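Notes to accompany the following structure.
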Amino acid sequence: MAVKRITPEEARDLMDKDGYAYLDVRSVPEFAAGHPTGAYNVPLLDMGPAGMVENPNFLAVVEKSFPRDARLVVGCKAGGRSARAAALLERAGYTNLVDQKNGYEGTPLPTGGVEPGWRPKRLPTSTQAVPERSYDALKAR
């Protein structure tokens, strides 16, 4: 079964009203440059010498950080990595997942332009991670 994709506004509402946590699967530098306020960071991919490579610790860090019934909004930059991460988490047994389409920045449209994501929609953002929600802290658990 495919993970439901939702808008940035729907993601914010789930976080505000239903206790969902935002799991940002972008790289650590992307997260540090700005992210949804209160987000957790576990990169699906890391920057390597030849570009982005799979983070071999992704699933293990998520499993240490969230129970399988945790309510999670999964997001990234434009929607591709979060869709992959959400599918991976669903296969691992996570049951309360949604994928935030258009990511933090937005999704390029085939006709040109961008369908806006979290930041362009002026939803709450931060460049400061809650200390226990940074990738280093979650990895150290």
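Just so we're on the same page: first chain in the structure tokens is A, next is B, and so on; residues restart at 1 for each chain, and ligands are numbered from 1 in the order they show up.
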
- Can you list, as a PyMOL selection string, every residue of chain A that DSSP puts in strand (DSSP E)? chain A and resi 4-6+21-24+35-36+40-41+45-48+51-54+71-75+96-100+106-108+114-116+125-126

For the selection you just gave me, I'd like the residues written to a file as an mmCIF file, in the first residue's frame, keeping C-alpha atoms.
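File produced: out.cif:
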data_model
loop_
_atom_site.group_PDB
_atom_site.id
_atom_site.type_symbol
_atom_site.label_atom_id
_atom_site.label_comp_id
_atom_site.auth_asym_id
_atom_site.auth_seq_id
_atom_site.Cartn_x
_atom_site.Cartn_y
_atom_site.Cartn_z
ATOM 1 C CA LYS A 4 -0.380 8.890 1.599
ATOM 2 C CA ARG A 5 1.126 12.112 0.211
ATOM 3 C CA ILE A 6 -0.038 15.361 1.799
ATOM 4 C CA ALA A 21 6.654 14.421 14.322
ATOM 5 C CA TYR A 22 8.374 15.789 11.211
ATOM 6 C CA LEU A 23 11.182 13.501 10.036
ATOM 7 C CA ASP A 24 13.420 15.470 7.662
ATOM 8 C CA HIS A 35 13.980 23.049 8.279
ATOM 9 C CA PRO A 36 10.438 22.858 9.653
ATOM 10 C CA TYR A 40 14.056 15.528 13.501
ATOM 11 C CA ASN A 41 16.912 14.918 11.046
ATOM 12 C CA LEU A 45 21.417 10.017 1.719
ATOM 13 C CA ASP A 46 24.771 11.512 2.709
ATOM 14 C CA MET A 47 27.057 13.684 0.610
ATOM 15 C CA GLY A 48 30.006 11.611 -0.575
ATOM 16 C CA GLY A 51 27.678 12.950 -4.850
ATOM 17 C CA MET A 52 24.831 11.631 -2.745
ATOM 18 C CA VAL A 53 25.144 8.057 -1.413
ATOM 19 C CA GLU A 54 22.824 5.896 0.694
ATOM 20 C CA ARG A 71 3.039 9.325 13.862
ATOM 21 C CA LEU A 72 5.515 10.601 11.286
ATOM 22 C CA VAL A 73 5.450 13.191 8.519
ATOM 23 C CA VAL A 74 8.394 12.397 6.239
ATOM 24 C CA GLY A 75 9.838 15.318 4.266
ATOM 25 C CA ASN A 96 1.382 5.905 10.826
ATOM 26 C CA LEU A 97 3.341 7.526 8.003
ATOM 27 C CA VAL A 98 2.543 10.333 5.628
ATOM 28 C CA ASP A 99 4.838 11.786 2.974
ATOM 29 C CA GLN A 100 4.866 15.562 2.629
ATOM 30 C CA GLY A 106 9.190 22.733 -3.695
ATOM 31 C CA THR A 107 8.840 20.434 -6.676
ATOM 32 C CA PRO A 108 9.852 21.586 -10.165
ATOM 33 C CA VAL A 114 7.896 25.186 -8.898
ATOM 34 C CA GLU A 115 5.026 23.824 -6.838
ATOM 35 C CA PRO A 116 5.940 25.404 -3.473
ATOM 36 C CA THR A 125 11.008 27.246 9.892
ATOM 37 C CA SER A 126 14.218 27.267 11.885
#

- Name the residues of chain A that fall into helix (DSSP H, G or I) according to DSSP on the backbone, using the chain letters and numbers of this document, as a count of residues only. 46

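When only C-alpha atoms are used to measure the gap to Asn57 in chain A, the shortest distance among A:Gly79, A:Gly19, A:Pro110, A:Pro43 belongs to A:Pro43.
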
- Task: Enter the distance from CA of Glu30 in chain A to CA of Asp69 in chain A, in Å, rounded to one decimal.
- Result: 27.2 Å

- Quick one: of A:Asp136, A:Asp16, A:Glu10, A:Glu105, who's nearest to Val42 in chain A, counting only C-alpha atoms? A:Asp136

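Distance-wise, CA of Pro120 in chain A and CA of Lys139 in chain A end up 29.8 Å apart.
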
- Task: Could you jot down the CA of Ala32 in chain A to CA of Thr127 in chain A separation for me, Å, one decimal place?
- Result: 5.5 Å

- Message: Using only C-alpha atoms for the distances, tell me which of A:Phe31, A:Tyr20, A:Phe58, A:Tyr104 is nearest to Leu138 in chain A.
- Response: A:Phe58

Who sits within 9 Å of Val130 in chain A, only C-alpha atoms, same chain under 6 positions skipped, as a PDB file with N, CA and C atoms, in the first residue's frame:
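The result, stored in out-v7.pdb:
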ATOM      1  N   THR A  37      10.237  23.880  11.822  1.00  0.00           N
ATOM      2  CA  THR A  37      10.508  24.040  13.246  1.00  0.00           C
ATOM      3  C   THR A  37      10.160  22.758  14.006  1.00  0.00           C
ATOM      4  N   GLY A  38      11.104  22.293  14.824  1.00  0.00           N
ATOM      5  CA  GLY A  38      10.900  21.101  15.644  1.00  0.00           C
ATOM      6  C   GLY A  38      11.192  19.787  14.946  1.00  0.00           C
ATOM      7  N   ALA A  39      11.654  19.822  13.701  1.00  0.00           N
ATOM      8  CA  ALA A  39      11.891  18.600  12.935  1.00  0.00           C
ATOM      9  C   ALA A  39      13.038  17.775  13.509  1.00  0.00           C
ATOM     10  N   TYR A  40      12.981  16.474  13.233  1.00  0.00           N
ATOM     11  CA  TYR A  40      14.056  15.528  13.501  1.00  0.00           C
ATOM     12  C   TYR A  40      14.815  15.332  12.189  1.00  0.00           C
TER      13      TYR A  40
END

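Counting only C-alpha atoms, the residue from A:Ala140, A:Val25, A:Ala2, A:Val62 that sits nearest to Ala78 in chain A is A:Val25.
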
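If you measure from each of A:Met15, A:Leu123, A:Cys76, A:Val3 to Leu88 in chain A using only C-alpha atoms, the closest one turns out to be A:Val3.
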
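Across A:Ala33, A:Leu14, A:Leu44, A:Ala137, the tightest approach to Arg81 in chain A is made by A:Leu44 when counting only C-alpha atoms.
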